[in-house]
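*Asks:* Sharing a structure with you now.
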Amino acid sequence: MMIKDRHLTDSELTDFFMKLEHKNSKIDNNLRIEAMLLQQMDPTVGWPGLINNMKIFSKGQSAEVKVNGIPVKLVLNKTRTPSLKSNTFENNVNNINPERCLLCELDKGQRGILIKDKKYIVLANPGITLPGDLTISSVKHEKQILTGHFQDMVEIATNLFHLSIYFNGALAGASSPHFHFQAGYKDKLIGEQQIQALLAGKSIGNAYLNNIISTHNCKLFSAENYLQPIHVVTTKNSNIMLQFCRFYMDKLLHISKNIKGYSNIHNFGEYINSLKGKESEGRVNILLKYYPESDEYIAAFFPKRTNRPQCYFKKGKNQIILGIAIKESLGNLITCRKKDFELLKNSSDLIEEAYKDTSITRTMLLELNKSLKDFSH
Ligand SMILES: [Zn+2]
């Protein structure tokens with residue numbers, strides 16, 4: 001079955017539209033996705049793999065840990081095990097077929113909604129951080145490279161305004177070699193709420209936002225004393241957001257050339273089998289969302305050196321299976337083994353180190369902050 005044949009039509013979703021709270025609203029892609037999620041969880045016609053993972057997810061555990069006064073949500077979530085253990089981009093062996101993957105060969109019962117002239121399919125994400133999590137996958141197998149997809153990202157965020165759109169770069173937490181975004185309900189993750197609070201002038205621990213650019217139609221901030229370096233940009237103009245994304249990736253690429261000689265971190269720019277070429281983009285996790293009520297776009301960029309903290313490489317019982325991708329960057333730290341969960345629950349210093357190990361260095365950040373001042377629009 002071709003990916004395009006996995007599309008759920010409005011007539012297949014009729015019964016599920018009726019179950020929605022907003023059933024009298026005009027049918028748009030936000031509503032189609034809601035109905036699709038209900039369809040996929042339906043015991044008769046749905047996706048058995050997702051239904052099973054929802055059961056596992058409901059047995060998960062969570063705890064709040066304060067890291068230098070900043071709350072982080074630590075979770076034990078076995079549905080994320082394949083993503084947590086994946087080394088699609090790190091493992092440069094040739095046994096991965098980069099042309100076919102789980103996003104090409106969809107699972108039995110897995111269906112979705114085609115968007116953007118059938119260029120992408122929106123699927124339920126079986127690795128559930130929060131119920132309703134989605135994967136927005138390119139219909140054809142393309143490399144996990146953001147260049148060429150910036151406009152799609154901004155347009156998808158505008159169109160799917162119930163959602164936050166996420167992107168994990170190669171070697172920054174992406175677990176599939178097939179081009180994809182992720183998405184989830186807006187402002188549900190603790191880090192997203194913290195970013196909104198910081199933008200509103202509230203304090204989170206000792207963290208605060210430093211203004212880098214402030215014009216009437218674009219504001220750019222760099223957070224100080226936060227879990228890790230982060231750049232937050234706000235604008236009411238989709239074109240400025242698009243230009244900024246391109247500008248940011250260009251400046252990040254420039255400083256990424258300094259990523260070399262760190263233990264357990266791939267030197268930047270080397271050949272990556274899953275990309276079938278040399279690494280060409282800075283390592284980054286991105287959040288983008290659109291608020292129609294205020295006509296505002298907000299994006300957060302987390303510049304990275306790697307997604308694997310040093311504790312991942314420890315031997316035997318000292319190893320902690322952890323990866324810092326977008327969900328972790330947004331304060332939702334996912335473990336898949338009870339012992340890792342218990343250890344991290346009582347070791348905020350290890351969490352602090354994990355963020356530090358994976359982010360760009362202070363020197364790199366200062367250089368990046370300086371070059372970001374040059375954004376003109
Ligand atoms: Zn694929």
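Residues are referred to by chain and number: the chain letter is A, B, ... according to the order shown in the structure tokens, the number counts from 1 in that chain, and ligands are numbered separately from 1 in the order shown.
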Would you pick out the contacts of A:Ser86 at 12 Å or less, using only C-alpha atoms, so that residues sharing its chain but fewer than 2 positions from it are not included, and give the list as a list in words?

*Replies:*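 Near neighbours after the sequence-gap exclusion: Arg80, Thr81, Pro82, Ser83, Leu84, Thr88, Phe89, Glu90, Asn91, Ile96, Ala170, Leu171, Ala172, Gly173, Ala174, Ser175, Ser176, Pro177, Asn307, Arg308, Ile321, Leu322, Gly323 and Ala325 of chain A.
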
*Asks:* Write the residues of the preceding selection, restricted to C-alpha atoms, as an mmCIF file, in the first residue's frame.

*Replies:*
data_model
loop_
_atom_site.group_PDB
_atom_site.id
_atom_site.type_symbol
_atom_site.label_atom_id
_atom_site.label_comp_id
_atom_site.auth_asym_id
_atom_site.auth_seq_id
_atom_site.Cartn_x
_atom_site.Cartn_y
_atom_site.Cartn_z
ATOM 1 C CA ARG A 80 9.754 6.204 23.565
ATOM 2 C CA THR A 81 12.308 3.353 23.813
ATOM 3 C CA PRO A 82 12.888 3.006 20.043
ATOM 4 C CA SER A 83 13.579 6.762 19.717
ATOM 5 C CA LEU A 84 15.727 6.863 22.847
ATOM 6 C CA THR A 88 20.218 6.443 12.998
ATOM 7 C CA PHE A 89 22.697 9.232 12.378
ATOM 8 C CA GLU A 90 25.462 8.407 14.866
ATOM 9 C CA ASN A 91 26.069 4.882 13.719
ATOM 10 C CA ILE A 96 20.880 0.879 7.493
ATOM 11 C CA ALA A 170 20.207 14.982 12.179
ATOM 12 C CA LEU A 171 22.623 14.315 15.091
ATOM 13 C CA ALA A 172 20.412 16.540 17.265
ATOM 14 C CA GLY A 173 17.842 13.904 18.183
ATOM 15 C CA ALA A 174 16.050 12.867 14.987
ATOM 16 C CA SER A 175 15.481 9.134 15.086
ATOM 17 C CA SER A 176 14.372 8.599 11.492
ATOM 18 C CA PRO A 177 16.425 9.275 8.366
ATOM 19 C CA ASN A 307 21.961 14.773 21.327
ATOM 20 C CA ARG A 308 23.887 12.280 23.490
ATOM 21 C CA ILE A 321 19.986 5.948 28.329
ATOM 22 C CA LEU A 322 19.182 9.542 27.533
ATOM 23 C CA GLY A 323 19.008 11.732 24.453
ATOM 24 C CA ALA A 325 15.931 16.076 21.440
#

*Asks:* Compile a residue-level contact table for chain A against ligand 1 at a cut-off of 8 Å, reporting for every qualifying residue the shortest atom pair and its distance in Å to one decimal, with only C-alpha atoms and all ligand atoms counted, rows ordered by chain and ascending number, as a Markdown table.

*Replies:*
| residue | atom | partner | partner_atom_place_in_ligand_line | distance |
| --- | --- | --- | --- | --- |
| A:Pro98 | CA | ligand 1 | 1 (Zn) | 7.4 |
| A:Glu99 | CA | ligand 1 | 1 (Zn) | 6.0 |
| A:Arg100 | CA | ligand 1 | 1 (Zn) | 4.5 |
| A:Cys101 | CA | ligand 1 | 1 (Zn) | 4.1 |
| A:Leu102 | CA | ligand 1 | 1 (Zn) | 6.2 |
| A:Leu103 | CA | ligand 1 | 1 (Zn) | 4.7 |
| A:Cys104 | CA | ligand 1 | 1 (Zn) | 4.0 |
| A:Glu105 | CA | ligand 1 | 1 (Zn) | 7.3 |
| A:Lys140 | CA | ligand 1 | 1 (Zn) | 6.9 |
| A:His141 | CA | ligand 1 | 1 (Zn) | 4.2 |
| A:Glu142 | CA | ligand 1 | 1 (Zn) | 7.1 |
| A:Ser176 | CA | ligand 1 | 1 (Zn) | 7.9 |
| A:Pro177 | CA | ligand 1 | 1 (Zn) | 6.9 |
| A:His178 | CA | ligand 1 | 1 (Zn) | 4.5 |
| A:Phe179 | CA | ligand 1 | 1 (Zn) | 7.7 |

*Asks:* Counting only C-alpha atoms, what is within 8 Å of A:Gln228, bar same-chain residues fewer than 3 positions away, as number ranges by chain?

*Replies:* A: 225, 302, 329, 355-356, 359

*Asks:* Keeping only N, CA, C and O atoms, write the selected residues as a short mmCIF file (atom, residue, chain, number, x, y, z; two decimals), in the first residue's frame.

*Replies:*
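Listing of again.cif after writing:
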data_model
loop_
_atom_site.label_atom_id
_atom_site.label_comp_id
_atom_site.auth_asym_id
_atom_site.auth_seq_id
_atom_site.Cartn_x
_atom_site.Cartn_y
_atom_site.Cartn_z
N ASN A 225 20.91 31.80 32.11
CA ASN A 225 20.65 30.95 33.30
C ASN A 225 19.51 29.96 33.10
O ASN A 225 18.85 29.58 34.06
N PHE A 302 17.14 25.61 19.78
CA PHE A 302 18.09 25.08 20.77
C PHE A 302 19.34 24.64 20.01
O PHE A 302 19.32 23.58 19.36
N SER A 329 14.52 19.18 25.25
CA SER A 329 14.86 20.61 25.26
C SER A 329 13.72 21.41 25.86
O SER A 329 13.93 22.44 26.49
N TYR A 355 22.23 18.50 29.88
CA TYR A 355 21.91 19.65 29.02
C TYR A 355 23.20 20.34 28.55
O TYR A 355 23.33 20.71 27.39
N LYS A 356 24.14 20.47 29.48
CA LYS A 356 25.40 21.15 29.15
C LYS A 356 26.21 20.37 28.11
O LYS A 356 26.75 20.93 27.16
N SER A 359 24.59 20.84 24.54
CA SER A 359 24.43 22.18 23.96
C SER A 359 25.72 22.69 23.36
O SER A 359 26.79 22.14 23.63
#

*Asks:* Would you mind telling me which residue in A:Ala63, A:Ile136, A:Ile33, A:Leu106 lies nearest to A:Lys345 when using only C-alpha atoms?

*Replies:*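 Comparing A:Ala63, A:Ile136, A:Ile33, A:Leu106 against A:Lys345, the winner is A:Ala63.
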
*Asks:* A:Ser203: which residues within 10 Å, counting only C-alpha atoms, same-chain residues fewer than 6 positions away excluded, as a PyMOL selection string?

*Replies:* chain A and resi 70+194-195+197+209

*Asks:* For A:His377, which of A:His216, A:Lys108, A:Arg337, A:Lys116 is the closest residue, counting only C-alpha atoms?

*Replies:*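 Nearest to A:His377: A:His216.
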
*Asks:* Would you mind telling me which residue in A:Leu275, A:Cys311, A:Leu242, A:Val232 lies nearest to A:Ser263 when using only C-alpha atoms?

*Replies:*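 Under the stated criterion, the closest residue is A:Cys311.
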
*Asks:* Would you list the contacts of A:Leu38 as an NGL selection string, taking every protein, DNA or RNA residue within 9 Å and counting only C-alpha atoms, but skipping same-chain residues closer than 6 positions in sequence?

*Replies:* :A and (16-17 or 19-20 or 46)

*Asks:* Output the selection as a short mmCIF file (atom, residue, chain, number, x, y, z; two decimals), in the first residue's frame - all heavy atoms for each residue.

*Replies:*
data_model
loop_
_atom_site.label_atom_id
_atom_site.label_comp_id
_atom_site.auth_asym_id
_atom_site.auth_seq_id
_atom_site.Cartn_x
_atom_site.Cartn_y
_atom_site.Cartn_z
N PHE A 16 -16.31 10.12 13.43
CA PHE A 16 -15.38 10.68 14.41
C PHE A 16 -15.53 12.20 14.53
O PHE A 16 -15.36 12.74 15.62
CB PHE A 16 -13.94 10.25 14.07
CG PHE A 16 -13.79 8.75 14.06
CD1 PHE A 16 -13.86 8.03 12.86
CD2 PHE A 16 -13.68 8.05 15.25
CE1 PHE A 16 -13.78 6.65 12.85
CE2 PHE A 16 -13.61 6.66 15.25
CZ PHE A 16 -13.67 5.96 14.04
N PHE A 17 -15.89 12.87 13.43
CA PHE A 17 -16.19 14.30 13.52
C PHE A 17 -17.33 14.51 14.52
O PHE A 17 -17.33 15.46 15.29
CB PHE A 17 -16.60 14.88 12.16
CG PHE A 17 -15.45 15.11 11.20
CD1 PHE A 17 -15.48 14.58 9.91
CD2 PHE A 17 -14.35 15.86 11.58
CE1 PHE A 17 -14.42 14.80 9.03
CE2 PHE A 17 -13.28 16.08 10.70
CZ PHE A 17 -13.33 15.54 9.43
N LYS A 19 -18.06 12.96 17.12
CA LYS A 19 -17.67 12.79 18.52
C LYS A 19 -16.87 13.97 19.07
O LYS A 19 -16.59 14.03 20.26
CB LYS A 19 -16.80 11.53 18.67
CG LYS A 19 -17.59 10.25 18.46
CD LYS A 19 -16.70 9.04 18.64
CE LYS A 19 -17.49 7.77 18.29
NZ LYS A 19 -16.64 6.63 18.07
N LEU A 20 -16.48 14.87 18.17
CA LEU A 20 -15.62 15.98 18.61
C LEU A 20 -16.43 17.09 19.26
O LEU A 20 -17.56 17.36 18.88
CB LEU A 20 -14.84 16.56 17.43
CG LEU A 20 -13.79 15.65 16.80
CD1 LEU A 20 -13.24 16.28 15.53
CD2 LEU A 20 -12.66 15.38 17.77
N GLY A 46 -9.07 1.11 14.17
CA GLY A 46 -7.88 1.91 14.43
C GLY A 46 -6.55 1.21 14.20
O GLY A 46 -6.46 0.19 13.51
#

*Asks:* I need the residue nearest A:Gly331 from this list: A:Glu64, A:Asp295, A:Glu34, A:Asp152. Use only C-alpha atoms for the distance.

*Replies:*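 Smallest separation from A:Gly331 among the options: A:Glu64.
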
*Asks:* Pull the closest atom pair for each residue of stretch 27-127 of chain A that gets at most 8 Å from stretch 4-15 of chain A, along with the distance in Å to one decimal, counting only C-alpha atoms, ordering rows by chain and then ascending residue number, as a Markdown table.

*Replies:*
| residue | atom | partner | partner_atom | distance |
| --- | --- | --- | --- | --- |
| A:Arg32 | CA | A:Asp10 | CA | 7.5 |
| A:Ala35 | CA | A:Leu13 | CA | 6.2 |
| A:Met36 | CA | A:Leu13 | CA | 7.0 |
| A:Gln39 | CA | A:Leu13 | CA | 7.2 |
| A:Gln110 | CA | A:Arg6 | CA | 7.2 |
| A:Arg111 | CA | A:Arg6 | CA | 4.8 |
| A:Gly112 | CA | A:His7 | CA | 5.1 |
| A:Ile113 | CA | A:His7 | CA | 5.1 |
| A:Leu114 | CA | A:His7 | CA | 5.9 |
| A:Lys118 | CA | A:Lys4 | CA | 7.5 |
| A:Ile121 | CA | A:His7 | CA | 7.6 |

*Asks:* Residues of the last selection are to be written out with N, CA, C and O atoms, as a compact mmCIF listing (two decimals), in the first residue's frame.

*Replies:*
# COMPACT_ATOMS: atom_id res chain seq x y z
N ARG A 32 -9.65 17.71 11.18
CA ARG A 32 -9.37 16.40 10.56
C ARG A 32 -8.38 15.61 11.41
O ARG A 32 -8.53 14.40 11.60
N ALA A 35 -10.07 14.18 14.44
CA ALA A 35 -10.88 13.03 14.08
C ALA A 35 -9.99 11.83 13.74
O ALA A 35 -10.29 10.68 14.12
N MET A 36 -8.88 12.08 13.09
CA MET A 36 -7.93 11.01 12.75
C MET A 36 -7.40 10.34 14.02
O MET A 36 -7.29 9.12 14.11
N GLN A 39 -9.99 8.09 15.28
CA GLN A 39 -10.08 6.92 14.40
C GLN A 39 -8.94 5.93 14.70
O GLN A 39 -9.16 4.73 14.79
N GLN A 110 -2.12 1.83 10.38
CA GLN A 110 -1.64 3.21 10.54
C GLN A 110 -2.15 4.07 9.38
O GLN A 110 -1.85 3.80 8.22
N ARG A 111 -2.94 5.09 9.72
CA ARG A 111 -3.52 5.97 8.70
C ARG A 111 -3.25 7.41 9.09
O ARG A 111 -2.91 7.70 10.23
N GLY A 112 -3.42 8.31 8.14
CA GLY A 112 -3.13 9.71 8.45
C GLY A 112 -3.89 10.68 7.57
O GLY A 112 -4.81 10.29 6.83
N ILE A 113 -3.50 11.94 7.65
CA ILE A 113 -4.15 13.02 6.88
C ILE A 113 -3.09 13.65 5.98
O ILE A 113 -2.06 14.12 6.47
N LEU A 114 -3.36 13.66 4.68
CA LEU A 114 -2.42 14.30 3.76
C LEU A 114 -2.63 15.81 3.81
O LEU A 114 -3.77 16.29 3.80
N LYS A 118 -0.66 17.09 -0.64
CA LYS A 118 -0.24 15.68 -0.53
C LYS A 118 1.27 15.52 -0.44
O LYS A 118 1.82 14.48 -0.77
N ILE A 121 2.24 13.67 5.16
CA ILE A 121 1.14 12.96 5.83
C ILE A 121 1.29 13.15 7.34
O ILE A 121 2.40 13.03 7.88

*Asks:* Near A:Ala299, within 10 Å and counting only C-alpha atoms, which residues show up once chain neighbours fewer than 4 positions away are dropped, as a list in words?

*Replies:*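 Close residues of A:Ala299: Val154, Ser164, Ile165, Tyr166, Ile195, Leu220, His231, Val232, Val233, Thr234, Thr235, Met241, Phe244, Cys245, Ile286, Leu287, Leu288, Lys289 and Tyr290 of chain A.
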
*Asks:* Please, could you write that set of residues out with C-alpha atoms as a CSV table (one decimal), in the first residue's frame?

*Replies:*
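Once written, selection.csv looks like this:
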chain,number,residue,atom,x,y,z
A,154,VAL,CA,6.0,28.1,8.6
A,164,SER,CA,3.3,23.3,18.1
A,165,ILE,CA,5.5,22.1,15.3
A,166,TYR,CA,8.9,20.5,16.2
A,195,ILE,CA,9.1,30.2,27.4
A,220,LEU,CA,14.8,38.0,19.3
A,231,HIS,CA,17.0,31.6,21.1
A,232,VAL,CA,13.4,32.8,21.1
A,233,VAL,CA,12.0,34.9,18.2
A,234,THR,CA,8.6,36.5,17.9
A,235,THR,CA,7.0,38.2,14.9
A,241,MET,CA,9.8,34.2,10.5
A,244,PHE,CA,14.8,34.4,10.3
A,245,CYS,CA,14.8,30.6,10.1
A,286,ILE,CA,13.3,23.8,16.8
A,287,LEU,CA,9.8,24.7,18.1
A,288,LEU,CA,7.5,26.8,16.0
A,289,LYS,CA,3.9,27.8,16.6
A,290,TYR,CA,1.3,30.3,15.5

*Asks:* I'd like the contact shell of stretch 363-366 of chain A - 12 Å cut-off, only C-alpha atoms, skipping same-chain residues fewer than 5 positions apart - returned as an mmCIF file with N, CA, C and O atoms, in the first residue's frame.

*Replies:*
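Here's the written file selection.cif:
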data_model
loop_
_atom_site.group_PDB
_atom_site.id
_atom_site.type_symbol
_atom_site.label_atom_id
_atom_site.label_comp_id
_atom_site.auth_asym_id
_atom_site.auth_seq_id
_atom_site.Cartn_x
_atom_site.Cartn_y
_atom_site.Cartn_z
ATOM 1 N N ILE A 212 18.187 40.563 21.965
ATOM 2 C CA ILE A 212 19.226 40.692 20.928
ATOM 3 C C ILE A 212 18.750 41.637 19.820
ATOM 4 O O ILE A 212 19.499 42.467 19.337
ATOM 5 N N SER A 222 17.842 35.792 23.789
ATOM 6 C CA SER A 222 18.665 34.652 24.175
ATOM 7 C C SER A 222 18.456 34.504 25.679
ATOM 8 O O SER A 222 18.520 35.481 26.413
ATOM 9 N N ALA A 223 18.160 33.284 26.136
ATOM 10 C CA ALA A 223 17.908 33.118 27.572
ATOM 11 C C ALA A 223 19.222 32.972 28.326
ATOM 12 O O ALA A 223 20.164 32.342 27.846
ATOM 13 N N GLU A 224 19.275 33.576 29.491
ATOM 14 C CA GLU A 224 20.418 33.419 30.392
ATOM 15 C C GLU A 224 19.976 32.582 31.580
ATOM 16 O O GLU A 224 18.813 32.656 32.006
ATOM 17 N N GLN A 228 19.657 25.389 29.170
ATOM 18 C CA GLN A 228 20.597 25.295 28.056
ATOM 19 C C GLN A 228 20.397 26.531 27.184
ATOM 20 O O GLN A 228 19.390 27.225 27.315
ATOM 21 N N PRO A 229 21.330 26.794 26.279
ATOM 22 C CA PRO A 229 21.145 27.940 25.389
ATOM 23 C C PRO A 229 19.860 27.803 24.570
ATOM 24 O O PRO A 229 19.506 26.704 24.142
ATOM 25 N N ILE A 230 19.181 28.916 24.404
ATOM 26 C CA ILE A 230 17.944 28.932 23.615
ATOM 27 C C ILE A 230 17.776 30.315 23.009
ATOM 28 O O ILE A 230 18.096 31.313 23.660
ATOM 29 N N HIS A 231 17.306 30.354 21.781
ATOM 30 C CA HIS A 231 16.954 31.621 21.142
ATOM 31 C C HIS A 231 15.467 31.622 20.859
ATOM 32 O O HIS A 231 14.949 30.655 20.306
ATOM 33 N N LYS A 251 23.821 31.160 10.355
ATOM 34 C CA LYS A 251 24.754 31.573 11.413
ATOM 35 C C LYS A 251 25.163 30.379 12.282
ATOM 36 O O LYS A 251 26.299 30.281 12.718
ATOM 37 N N LEU A 252 24.212 29.475 12.514
ATOM 38 C CA LEU A 252 24.521 28.284 13.315
ATOM 39 C C LEU A 252 25.535 27.406 12.582
ATOM 40 O O LEU A 252 26.462 26.857 13.188
ATOM 41 N N LEU A 253 25.363 27.283 11.266
ATOM 42 C CA LEU A 253 26.298 26.491 10.461
ATOM 43 C C LEU A 253 27.711 27.043 10.629
ATOM 44 O O LEU A 253 28.673 26.293 10.792
ATOM 45 N N HIS A 254 27.791 28.366 10.622
ATOM 46 C CA HIS A 254 29.096 29.006 10.724
ATOM 47 C C HIS A 254 29.822 28.625 12.015
ATOM 48 O O HIS A 254 30.993 28.243 11.978
ATOM 49 N N ILE A 255 29.109 28.672 13.157
ATOM 50 C CA ILE A 255 29.793 28.340 14.426
ATOM 51 C C ILE A 255 29.944 26.827 14.618
ATOM 52 O O ILE A 255 30.766 26.384 15.403
ATOM 53 N N SER A 256 29.159 26.034 13.883
ATOM 54 C CA SER A 256 29.208 24.572 14.057
ATOM 55 C C SER A 256 30.539 23.981 13.645
ATOM 56 O O SER A 256 30.887 22.872 14.045
ATOM 57 N N LYS A 257 31.271 24.744 12.835
ATOM 58 C CA LYS A 257 32.592 24.263 12.412
ATOM 59 C C LYS A 257 33.536 24.105 13.605
ATOM 60 O O LYS A 257 34.553 23.431 13.507
ATOM 61 N N ASN A 258 33.163 24.736 14.753
ATOM 62 C CA ASN A 258 33.970 24.577 15.977
ATOM 63 C C ASN A 258 33.689 23.268 16.705
ATOM 64 O O ASN A 258 34.321 22.989 17.732
ATOM 65 N N ILE A 259 32.710 22.494 16.232
ATOM 66 C CA ILE A 259 32.408 21.222 16.902
ATOM 67 C C ILE A 259 33.381 20.174 16.390
ATOM 68 O O ILE A 259 33.141 19.516 15.379
ATOM 69 N N PHE A 302 17.144 25.606 19.783
ATOM 70 C CA PHE A 302 18.094 25.084 20.766
ATOM 71 C C PHE A 302 19.343 24.636 20.007
ATOM 72 O O PHE A 302 19.318 23.584 19.359
ATOM 73 N N PRO A 303 20.405 25.432 20.041
ATOM 74 C CA PRO A 303 21.616 25.055 19.295
ATOM 75 C C PRO A 303 22.408 23.968 20.036
ATOM 76 O O PRO A 303 22.667 24.104 21.232
ATOM 77 N N LYS A 304 22.774 22.921 19.307
ATOM 78 C CA LYS A 304 23.351 21.744 19.972
ATOM 79 C C LYS A 304 24.724 21.366 19.405
ATOM 80 O O LYS A 304 25.044 21.685 18.266
ATOM 81 N N ARG A 305 25.454 20.598 20.228
ATOM 82 C CA ARG A 305 26.659 19.937 19.717
ATOM 83 C C ARG A 305 26.334 18.487 19.372
ATOM 84 O O ARG A 305 26.942 17.880 18.517
ATOM 85 N N SER A 371 26.569 37.279 16.138
ATOM 86 C CA SER A 371 26.263 37.257 14.700
ATOM 87 C C SER A 371 24.761 37.376 14.445
ATOM 88 O O SER A 371 24.347 37.850 13.380
ATOM 89 N N LEU A 372 23.938 37.010 15.423
ATOM 90 C CA LEU A 372 22.476 37.105 15.228
ATOM 91 C C LEU A 372 21.997 38.563 15.215
ATOM 92 O O LEU A 372 20.912 38.848 14.703
ATOM 93 N N LYS A 373 22.818 39.463 15.764
ATOM 94 C CA LYS A 373 22.450 40.892 15.758
ATOM 95 C C LYS A 373 22.327 41.437 14.341
ATOM 96 O O LYS A 373 21.709 42.473 14.118
#

*Asks:* From a DSSP calculation on the backbone, collect every residue of stretch 8-184 of chain A in helix (DSSP H, G or I) and output the set as a ChimeraX atom specification.

*Replies:* /A:10-19,29-40,48-58,78-85,150-159

*Asks:* Out of A:Lys278, A:Lys78, A:Lys85, A:Lys327, which residue has the shortest atom-to-atom distance to A:Ile190 when counting only C-alpha atoms?

*Replies:*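 Among the listed residues, A:Lys327 lies closest to A:Ile190.
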
*Asks:* Could you build a table of the residues in stretch 134-247 of chain A lying no more than 8 Å from stretch 28-31 of chain A, giving for each the nearest pair of atoms and their separation in Å rounded to one decimal place, using only C-alpha atoms, ordered by chain and ascending residue number, as a tab-separated table?

*Replies:*
residue	atom	partner	partner_atom	distance
A:Asn159	CA	A:Asn29	CA	7.4
A:Leu160	CA	A:Asn30	CA	5.5
A:Phe161	CA	A:Asn30	CA	7.3
A:His162	CA	A:Asn30	CA	6.5
